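One file, work_23.txt, is given below (compact mmCIF, C-alpha atoms).
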# COMPACT_ATOMS: atom_id res chain seq x y z
CA GLU A 1 65.63 117.14 31.69
CA LEU A 2 67.40 114.66 29.40
CA GLN A 3 67.69 112.13 32.22
CA GLN A 4 64.00 112.58 33.12
CA ARG A 5 63.01 112.18 29.47
CA THR A 6 65.11 109.02 29.11
CA GLN A 7 63.58 107.63 32.31
CA THR A 8 60.04 108.43 31.08
CA GLU A 9 60.73 106.79 27.71
CA THR A 10 62.05 103.68 29.47
CA GLN A 11 58.96 103.54 31.68
CA LEU A 12 56.67 103.96 28.66
CA ARG A 13 58.51 101.22 26.77
CA GLU A 14 58.24 98.85 29.78
CA LEU A 15 54.57 99.69 30.21
CA GLY A 16 53.97 99.06 26.49
CA GLU A 17 55.71 95.69 26.76
CA GLN A 18 53.55 94.76 29.77
CA TYR A 19 50.33 95.71 27.94
CA LYS A 20 51.47 93.76 24.86
CA LEU A 21 52.14 90.72 27.05
CA ILE A 22 48.68 90.95 28.64
CA PHE A 23 47.10 91.51 25.23
CA ASP A 24 48.84 88.52 23.64
CA LYS A 25 48.29 86.14 26.59
CA ALA A 26 44.55 86.81 26.84
CA ARG A 27 42.28 83.76 26.44
CA ASP A 28 39.93 85.78 24.23
CA ALA A 29 40.58 87.04 20.74
CA ILE A 30 41.03 90.81 20.92
CA PHE A 31 41.17 92.99 17.84
CA VAL A 32 40.44 96.43 16.43
CA ILE A 33 38.12 96.80 13.43
CA GLN A 34 38.43 99.94 11.36
CA ASP A 35 37.43 100.55 7.75
CA ASP A 36 35.83 97.08 7.69
CA VAL A 37 39.11 95.22 8.27
CA ILE A 38 41.01 94.07 11.34
CA LYS A 39 43.74 96.64 11.94
CA PHE A 40 45.27 95.11 15.05
CA ALA A 41 44.85 91.62 16.54
CA ASN A 42 46.31 89.59 19.38
CA SER A 43 47.77 86.13 18.87
CA ARG A 44 44.55 84.43 20.03
CA ALA A 45 42.58 86.19 17.26
CA ARG A 46 45.10 85.00 14.68
CA THR A 47 44.94 81.46 16.08
CA VAL A 48 41.11 81.28 16.16
CA LEU A 49 40.65 82.73 12.68
CA GLY A 50 43.75 81.16 11.15
CA TYR A 51 44.87 84.33 9.36
CA SER A 52 48.12 86.29 9.60
CA ASP A 53 48.18 89.99 10.48
CA GLU A 54 48.71 90.87 6.82
CA GLU A 55 45.75 88.75 5.71
CA LEU A 56 43.50 90.20 8.41
CA SER A 57 44.36 93.76 7.40
CA THR A 58 43.29 93.09 3.81
CA THR A 59 40.34 90.74 4.34
CA ALA A 60 36.91 92.36 4.70
CA ILE A 61 35.44 91.56 8.11
CA ALA A 62 32.22 90.44 6.41
CA LYS A 63 34.11 87.56 4.77
CA LEU A 64 34.95 86.17 8.23
CA ILE A 65 31.31 86.06 9.34
CA HIS A 66 29.01 83.15 8.46
CA PRO A 67 26.68 84.16 5.58
CA LYS A 68 23.54 83.51 7.66
CA ASP A 69 24.74 85.84 10.44
CA ARG A 70 26.55 88.42 8.30
CA LYS A 71 23.77 90.98 7.79
CA LEU A 72 22.88 91.22 11.49
CA VAL A 73 26.50 91.33 12.71
CA ILE A 74 27.52 94.01 10.20
CA ALA A 75 24.44 96.10 11.08
CA ARG A 76 25.35 95.90 14.79
CA HIS A 77 28.93 96.87 13.99
CA GLN A 78 27.79 99.91 11.99
CA ARG A 79 25.43 100.98 14.82
CA LYS A 80 28.26 100.64 17.33
CA LEU A 81 30.57 102.75 15.14
CA LYS A 82 27.94 105.49 14.98
CA GLY A 83 27.56 105.44 18.76
CA GLY A 84 24.23 103.62 18.71
CA SER A 85 22.97 101.14 21.25
CA VAL A 86 23.61 97.44 20.61
CA PRO A 87 23.33 94.36 22.86
CA GLY A 88 26.33 94.02 25.16
CA THR A 89 27.19 90.46 24.18
CA HIS A 90 25.86 88.36 21.34
CA SER A 91 26.72 85.08 19.66
CA PHE A 92 27.20 84.30 15.99
CA ARG A 93 29.21 82.09 13.67
CA VAL A 94 32.52 82.90 11.99
CA ILE A 95 34.36 81.05 9.27
CA SER A 96 38.07 80.35 9.81
CA LYS A 97 40.62 80.44 7.00
CA LYS A 98 40.30 76.65 6.71
CA GLY A 99 36.53 76.99 6.26
CA LYS A 100 35.67 75.71 9.73
CA GLU A 101 32.47 77.10 11.27
CA LEU A 102 33.00 78.41 14.80
CA TRP A 103 30.50 79.84 17.27
CA VAL A 104 31.77 82.94 19.06
CA GLU A 105 30.53 85.24 21.80
CA HIS A 106 31.26 88.88 20.91
CA THR A 107 31.51 92.13 22.85
CA ALA A 108 32.62 95.44 21.35
CA ALA A 109 33.41 98.96 22.45
CA ARG A 110 33.62 102.07 20.30
CA ILE A 111 37.10 103.65 20.32
CA ARG A 112 39.27 106.00 18.28
CA TRP A 113 42.18 104.29 16.53
CA GLU A 114 44.79 106.42 14.85
CA GLY A 115 42.38 109.36 14.93
CA LYS A 116 39.43 107.55 13.31
CA PRO A 117 36.39 105.70 14.73
CA ALA A 118 36.90 101.99 15.29
CA THR A 119 35.70 99.19 17.53
CA LEU A 120 37.66 97.23 20.09
CA ASN A 121 36.34 93.67 19.92
CA PHE A 122 36.52 90.78 22.36
CA VAL A 123 35.62 87.36 20.97
CA ARG A 124 35.46 84.04 22.82
CA ASN A 125 35.23 80.74 20.96
CA ILE A 126 32.15 78.96 22.36
CA THR A 127 31.95 76.19 19.76
CA GLN A 128 32.71 73.44 22.27
CA LYS A 129 30.27 74.90 24.81
CA ARG A 130 27.48 74.94 22.19
CA LYS A 131 28.22 71.32 21.27
CA LEU A 132 28.03 70.31 24.93
CA ASP A 133 24.78 72.26 25.36
CA ALA A 134 23.32 70.51 22.31
CA GLN A 135 24.35 67.11 23.73
CA LEU A 136 22.81 68.02 27.07
CA GLN A 137 19.54 69.02 25.40
CA PHE A 138 19.55 65.79 23.37
CA THR A 139 20.11 63.78 26.56
CA ALA A 140 17.26 65.63 28.28
CA LYS A 141 14.96 64.87 25.33
CA LEU A 142 15.92 61.18 25.46
CA GLU A 143 15.24 61.13 29.19
CA ALA A 144 11.82 62.71 28.62
CA ILE A 145 11.03 60.15 25.92
CA GLY A 146 12.13 57.36 28.28
CA THR A 147 9.85 58.69 31.02
CA LEU A 148 6.95 58.94 28.56
CA ALA A 149 7.58 55.40 27.27
CA GLY A 150 7.73 54.11 30.87
CA GLY A 151 4.39 55.78 31.64
CA ILE A 152 2.75 54.31 28.54
CA ALA A 153 4.14 50.85 29.35
CA HIS A 154 2.76 51.13 32.89
CA GLU A 155 -0.71 52.09 31.61
CA PHE A 156 -0.63 49.29 29.03
CA ASN A 157 0.44 46.83 31.74
CA ASN A 158 -2.55 47.91 33.88
CA LEU A 159 -4.91 47.07 30.98
CA LEU A 160 -3.24 43.71 30.42
CA MET A 161 -3.57 42.82 34.11
CA GLY A 162 -7.36 43.26 33.87
CA ILE A 163 -7.49 41.05 30.78
CA GLN A 164 -5.24 38.44 32.39
CA GLY A 165 -7.39 38.42 35.54
CA ASN A 166 -10.61 37.84 33.56
CA ALA A 167 -8.91 35.13 31.49
CA SER A 168 -7.80 33.36 34.68
CA LEU A 169 -11.35 33.47 36.03
CA GLU A 170 -12.67 31.93 32.79
CA LEU A 171 -10.08 29.17 32.97
CA MET A 172 -11.24 28.22 36.46
CA ASP A 173 -14.73 27.45 35.12
CA MET A 174 -13.48 25.69 31.95
CA ASP A 175 -12.62 22.01 31.59
CA SER A 176 -8.99 21.39 30.63
CA LYS A 177 -10.16 19.27 27.69
CA HIS A 178 -12.23 22.09 26.22
CA PRO A 179 -10.89 23.15 22.72
CA HIS A 180 -10.52 26.84 23.81
CA TYR A 181 -8.66 26.03 27.02
CA ASN A 182 -5.15 26.46 25.52
What does the file become when written as structure tokens?
Amino acid sequence: ELQQRTQTETQLRELGEQYKLIFDKARDAIFVIQDDVIKFANSRARTVLGYSDEELSTTAIAKLIHPKDRKLVIARHQRKLKGGSVPGTHSFRVISKKGKELWVEHTAARIRWEGKPATLNFVRNITQKRKLDAQLQFTAKLEAIGTLAGGIAHEFNNLLMGIQGNASLELMDMDSKHPHYN
């Protein structure tokens, strides 16, 4: 029994190390929110937010959320904790320790952590994607303006061609010494 117990403990320890490795190497920030603070976070969460584990465990989650998004995000979190229905994935802004505004895409699942309700959260930094999307929209708007300007120039050119044609006909009947010829 002692040998089997030792073997089981070794397997559990190895399994725990494997899960920790997966957890820490994830591209997304993964963390557990309980009692309105982050109780457990992977290295990506610490990197994105810029806080240490100690700071995260004492900083209210609301402080990390952009003031304009705070009310909605906290309301969704509370609904999720109570088992209510919330959108699967949503985007909002967070504020890093350095005060930098970041756009994130968030998904959460209700769990029990140390015997109490909590949420397991997955957050992906989409700041760069949003910037690229904004640039793409700006480029599309410029292209539309260019097309509109080209259409207006074409219509204006059509009007000028009629005027130029009539002016040429008048010049044919006019003497080159006439004062209005030039």
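Computed from the coordinates, the CA of His178 in chain A to CA of Phe156 in chain A distance equals 29.7 Å.
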Extract, using all atoms listed in the file, all DNA, RNA and protein residues at most 6 Å from Asp28 in chain A, discarding same-chain residues fewer than 2 positions from it, and format them as an MDAnalysis selection string. chainID A and resid 26 123:124
Could you turn the residues from that selection into a file that holds C-alpha atoms, as an mmCIF file, keeping the file's coordinate frame?
data_model
loop_
_atom_site.group_PDB
_atom_site.id
_atom_site.type_symbol
_atom_site.label_atom_id
_atom_site.label_comp_id
_atom_site.auth_asym_id
_atom_site.auth_seq_id
_atom_site.Cartn_x
_atom_site.Cartn_y
_atom_site.Cartn_z
ATOM 1 C CA ALA A 26 44.550 86.810 26.840
ATOM 2 C CA VAL A 123 35.620 87.360 20.970
ATOM 3 C CA ARG A 124 35.460 84.040 22.820
#
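With CA of Ala144 in chain A on one side and CA of Ile163 in chain A on the other, the separation reads 29.1 Å.
Closest approach to Gly115 in chain A from the set A:Lys98, A:Gln34, A:Lys63, A:Gly84 is made by A:Gln34, with distances taken over all atoms listed in the file.
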Can you list, as a list in words, every protein, DNA or RNA residue that comes within 10 Å of range 55-61 of chain A when you count all atoms listed in the file, leaving out same-chain residues fewer than 2 positions away? Ile33, Gln34, Asp35, Asp36, Val37, Ile38, Lys39, Phe40, Ala41, Ala45, Arg46, Leu49, Gly50, Tyr51, Ser52, Asp53, Lys63, Leu64, Ile65, Arg70, Ile74, Val94 and Lys97 of chain A
Taking all atoms of range 121-126 of chain A that the file lists and extending 4 Å past them on each side, where is the centre of the axis-aligned box and how long are its edges? Answer in Å to one decimal, as AutoDock Vina command-line options.
--center_x 34.3 --center_y 86.3 --center_z 21.4 --size_x 12.4 --size_y 22.7 --size_z 10.9
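Proximity to Lys20 in chain A was assessed for A:Gln164, A:Asn42, A:Thr8, A:Gln3 counting only C-alpha atoms; the smallest distance is recorded for A:Asn42.
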Just how far from CA of Ala109 in chain A is CA of Lys80 in chain A, in Å to one decimal? 7.5 Å
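With only C-alpha atoms as the atoms that count, the residue of A:Leu160, A:Ile111, A:Leu102, A:Leu148 with the shortest distance to Arg130 in chain A is A:Leu102.
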Can you pull out every residue within 12 Å of Thr127 in chain A, counting all atoms listed in the file, but drop anything in the same chain fewer than 2 positions away, and send it as an NGL selection string? :A and (48 or 91-95 or 100-105 or 123-125 or 129-134)
Looking at all atoms listed in the file, which of A:Ile30, A:Leu136, A:Leu21, A:Ile145 is the one that sits closest to Thr119 in chain A? A:Ile30
Do you know which residues are at most 9 Å from Pro87 in chain A counting all atoms listed in the file, after dropping those on the same chain fewer than 3 positions away, and could you put them as a ChimeraX atom specification? /A:76,90,107
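Closest approach to Leu81 in chain A from the set A:Met161, A:Ala118, A:Leu12, A:Ala108 is made by A:Ala118, with distances taken over only C-alpha atoms.
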Please output range 24-35 of chain A, rebuilt to include all heavy atoms, as a PDB file, keeping the file's coordinate frame.
ATOM      1  N   ASP A  24      48.549  89.754  24.378  1.00  0.00           N
ATOM      2  CA  ASP A  24      48.840  88.520  23.640  1.00  0.00           C
ATOM      3  C   ASP A  24      48.540  87.256  24.435  1.00  0.00           C
ATOM      4  O   ASP A  24      48.297  86.205  23.850  1.00  0.00           O
ATOM      5  CB  ASP A  24      50.290  88.497  23.176  1.00  0.00           C
ATOM      6  CG  ASP A  24      50.484  89.245  21.869  1.00  0.00           C
ATOM      7  OD1 ASP A  24      49.489  89.427  21.126  1.00  0.00           O
ATOM      8  OD2 ASP A  24      51.622  89.647  21.578  1.00  0.00           O
ATOM      9  N   LYS A  25      48.541  87.333  25.764  1.00  0.00           N
ATOM     10  CA  LYS A  25      48.290  86.140  26.590  1.00  0.00           C
ATOM     11  C   LYS A  25      46.811  85.977  26.946  1.00  0.00           C
ATOM     12  O   LYS A  25      46.447  85.016  27.601  1.00  0.00           O
ATOM     13  CB  LYS A  25      49.130  86.189  27.873  1.00  0.00           C
ATOM     14  CG  LYS A  25      50.617  86.142  27.626  1.00  0.00           C
ATOM     15  CD  LYS A  25      51.016  84.839  26.982  1.00  0.00           C
ATOM     16  CE  LYS A  25      52.510  84.809  26.748  1.00  0.00           C
ATOM     17  NZ  LYS A  25      52.955  83.659  26.005  1.00  0.00           N
ATOM     18  N   ALA A  26      45.976  86.898  26.525  1.00  0.00           N
ATOM     19  CA  ALA A  26      44.550  86.810  26.840  1.00  0.00           C
ATOM     20  C   ALA A  26      43.945  85.548  26.237  1.00  0.00           C
ATOM     21  O   ALA A  26      44.345  85.108  25.150  1.00  0.00           O
ATOM     22  CB  ALA A  26      43.820  88.048  26.312  1.00  0.00           C
ATOM     23  N   ARG A  27      42.975  84.963  26.929  1.00  0.00           N
ATOM     24  CA  ARG A  27      42.280  83.760  26.440  1.00  0.00           C
ATOM     25  C   ARG A  27      41.320  84.092  25.316  1.00  0.00           C
ATOM     26  O   ARG A  27      40.953  83.223  24.540  1.00  0.00           O
ATOM     27  CB  ARG A  27      41.529  83.087  27.585  1.00  0.00           C
ATOM     28  CG  ARG A  27      42.452  82.459  28.602  1.00  0.00           C
ATOM     29  CD  ARG A  27      41.711  81.785  29.729  1.00  0.00           C
ATOM     30  NE  ARG A  27      40.746  80.831  29.226  1.00  0.00           N
ATOM     31  CZ  ARG A  27      39.604  80.549  29.837  1.00  0.00           C
ATOM     32  NH1 ARG A  27      39.283  81.139  30.953  1.00  0.00           N
ATOM     33  NH2 ARG A  27      38.783  79.682  29.332  1.00  0.00           N
ATOM     34  N   ASP A  28      40.878  85.347  25.262  1.00  0.00           N
ATOM     35  CA  ASP A  28      39.930  85.780  24.230  1.00  0.00           C
ATOM     36  C   ASP A  28      40.687  86.393  23.068  1.00  0.00           C
ATOM     37  O   ASP A  28      41.782  86.934  23.224  1.00  0.00           O
ATOM     38  CB  ASP A  28      38.964  86.816  24.786  1.00  0.00           C
ATOM     39  CG  ASP A  28      38.026  86.244  25.830  1.00  0.00           C
ATOM     40  OD1 ASP A  28      37.925  85.006  25.926  1.00  0.00           O
ATOM     41  OD2 ASP A  28      37.390  87.039  26.542  1.00  0.00           O
ATOM     42  N   ALA A  29      40.054  86.332  21.902  1.00  0.00           N
ATOM     43  CA  ALA A  29      40.580  87.040  20.740  1.00  0.00           C
ATOM     44  C   ALA A  29      40.234  88.513  20.922  1.00  0.00           C
ATOM     45  O   ALA A  29      39.095  88.856  21.220  1.00  0.00           O
ATOM     46  CB  ALA A  29      39.943  86.490  19.466  1.00  0.00           C
ATOM     47  N   ILE A  30      41.230  89.367  20.776  1.00  0.00           N
ATOM     48  CA  ILE A  30      41.030  90.810  20.920  1.00  0.00           C
ATOM     49  C   ILE A  30      41.555  91.465  19.654  1.00  0.00           C
ATOM     50  O   ILE A  30      42.676  91.183  19.233  1.00  0.00           O
ATOM     51  CB  ILE A  30      41.773  91.365  22.157  1.00  0.00           C
ATOM     52  CG1 ILE A  30      41.352  90.611  23.418  1.00  0.00           C
ATOM     53  CG2 ILE A  30      41.525  92.863  22.295  1.00  0.00           C
ATOM     54  CD1 ILE A  30      42.197  90.941  24.635  1.00  0.00           C
ATOM     55  N   PHE A  31      40.720  92.326  19.061  1.00  0.00           N
ATOM     56  CA  PHE A  31      41.170  92.990  17.840  1.00  0.00           C
ATOM     57  C   PHE A  31      40.432  94.301  17.620  1.00  0.00           C
ATOM     58  O   PHE A  31      39.377  94.541  18.198  1.00  0.00           O
ATOM     59  CB  PHE A  31      41.008  92.075  16.615  1.00  0.00           C
ATOM     60  CG  PHE A  31      39.651  91.452  16.485  1.00  0.00           C
ATOM     61  CD1 PHE A  31      38.642  92.075  15.771  1.00  0.00           C
ATOM     62  CD2 PHE A  31      39.382  90.229  17.083  1.00  0.00           C
ATOM     63  CE1 PHE A  31      37.385  91.500  15.658  1.00  0.00           C
ATOM     64  CE2 PHE A  31      38.127  89.641  16.968  1.00  0.00           C
ATOM     65  CZ  PHE A  31      37.128  90.277  16.252  1.00  0.00           C
ATOM     66  N   VAL A  32      41.013  95.139  16.771  1.00  0.00           N
ATOM     67  CA  VAL A  32      40.440  96.430  16.430  1.00  0.00           C
ATOM     68  C   VAL A  32      39.955  96.365  14.985  1.00  0.00           C
ATOM     69  O   VAL A  32      40.706  95.958  14.092  1.00  0.00           O
ATOM     70  CB  VAL A  32      41.491  97.559  16.571  1.00  0.00           C
ATOM     71  CG1 VAL A  32      40.931  98.886  16.074  1.00  0.00           C
ATOM     72  CG2 VAL A  32      41.956  97.670  18.010  1.00  0.00           C
ATOM     73  N   ILE A  33      38.671  96.737  14.790  1.00  0.00           N
ATOM     74  CA  ILE A  33      38.120  96.800  13.430  1.00  0.00           C
ATOM     75  C   ILE A  33      37.982  98.268  13.054  1.00  0.00           C
ATOM     76  O   ILE A  33      37.389  99.054  13.785  1.00  0.00           O
ATOM     77  CB  ILE A  33      36.737  96.125  13.330  1.00  0.00           C
ATOM     78  CG1 ILE A  33      36.825  94.655  13.675  1.00  0.00           C
ATOM     79  CG2 ILE A  33      36.144  96.317  11.929  1.00  0.00           C
ATOM     80  CD1 ILE A  33      35.481  93.942  13.721  1.00  0.00           C
ATOM     81  N   GLN A  34      38.533  98.583  11.898  1.00  0.00           N
ATOM     82  CA  GLN A  34      38.430  99.940  11.360  1.00  0.00           C
ATOM     83  C   GLN A  34      38.408  99.826   9.843  1.00  0.00           C
ATOM     84  O   GLN A  34      39.154  99.023   9.271  1.00  0.00           O
ATOM     85  CB  GLN A  34      39.611 100.788  11.815  1.00  0.00           C
ATOM     86  CG  GLN A  34      39.507 102.245  11.423  1.00  0.00           C
ATOM     87  CD  GLN A  34      40.723 102.999  11.912  1.00  0.00           C
ATOM     88  OE1 GLN A  34      41.837 102.673  11.534  1.00  0.00           O
ATOM     89  NE2 GLN A  34      40.492 103.993  12.764  1.00  0.00           N
ATOM     90  N   ASP A  35      37.559 100.586   9.210  1.00  0.00           N
ATOM     91  CA  ASP A  35      37.430 100.550   7.750  1.00  0.00           C
ATOM     92  C   ASP A  35      37.112  99.139   7.250  1.00  0.00           C
ATOM     93  O   ASP A  35      37.629  98.696   6.217  1.00  0.00           O
ATOM     94  CB  ASP A  35      38.686 101.097   7.064  1.00  0.00           C
ATOM     95  CG  ASP A  35      38.982 102.530   7.457  1.00  0.00           C
ATOM     96  OD1 ASP A  35      38.015 103.287   7.698  1.00  0.00           O
ATOM     97  OD2 ASP A  35      40.173 102.896   7.539  1.00  0.00           O
TER      98      ASP A  35
END
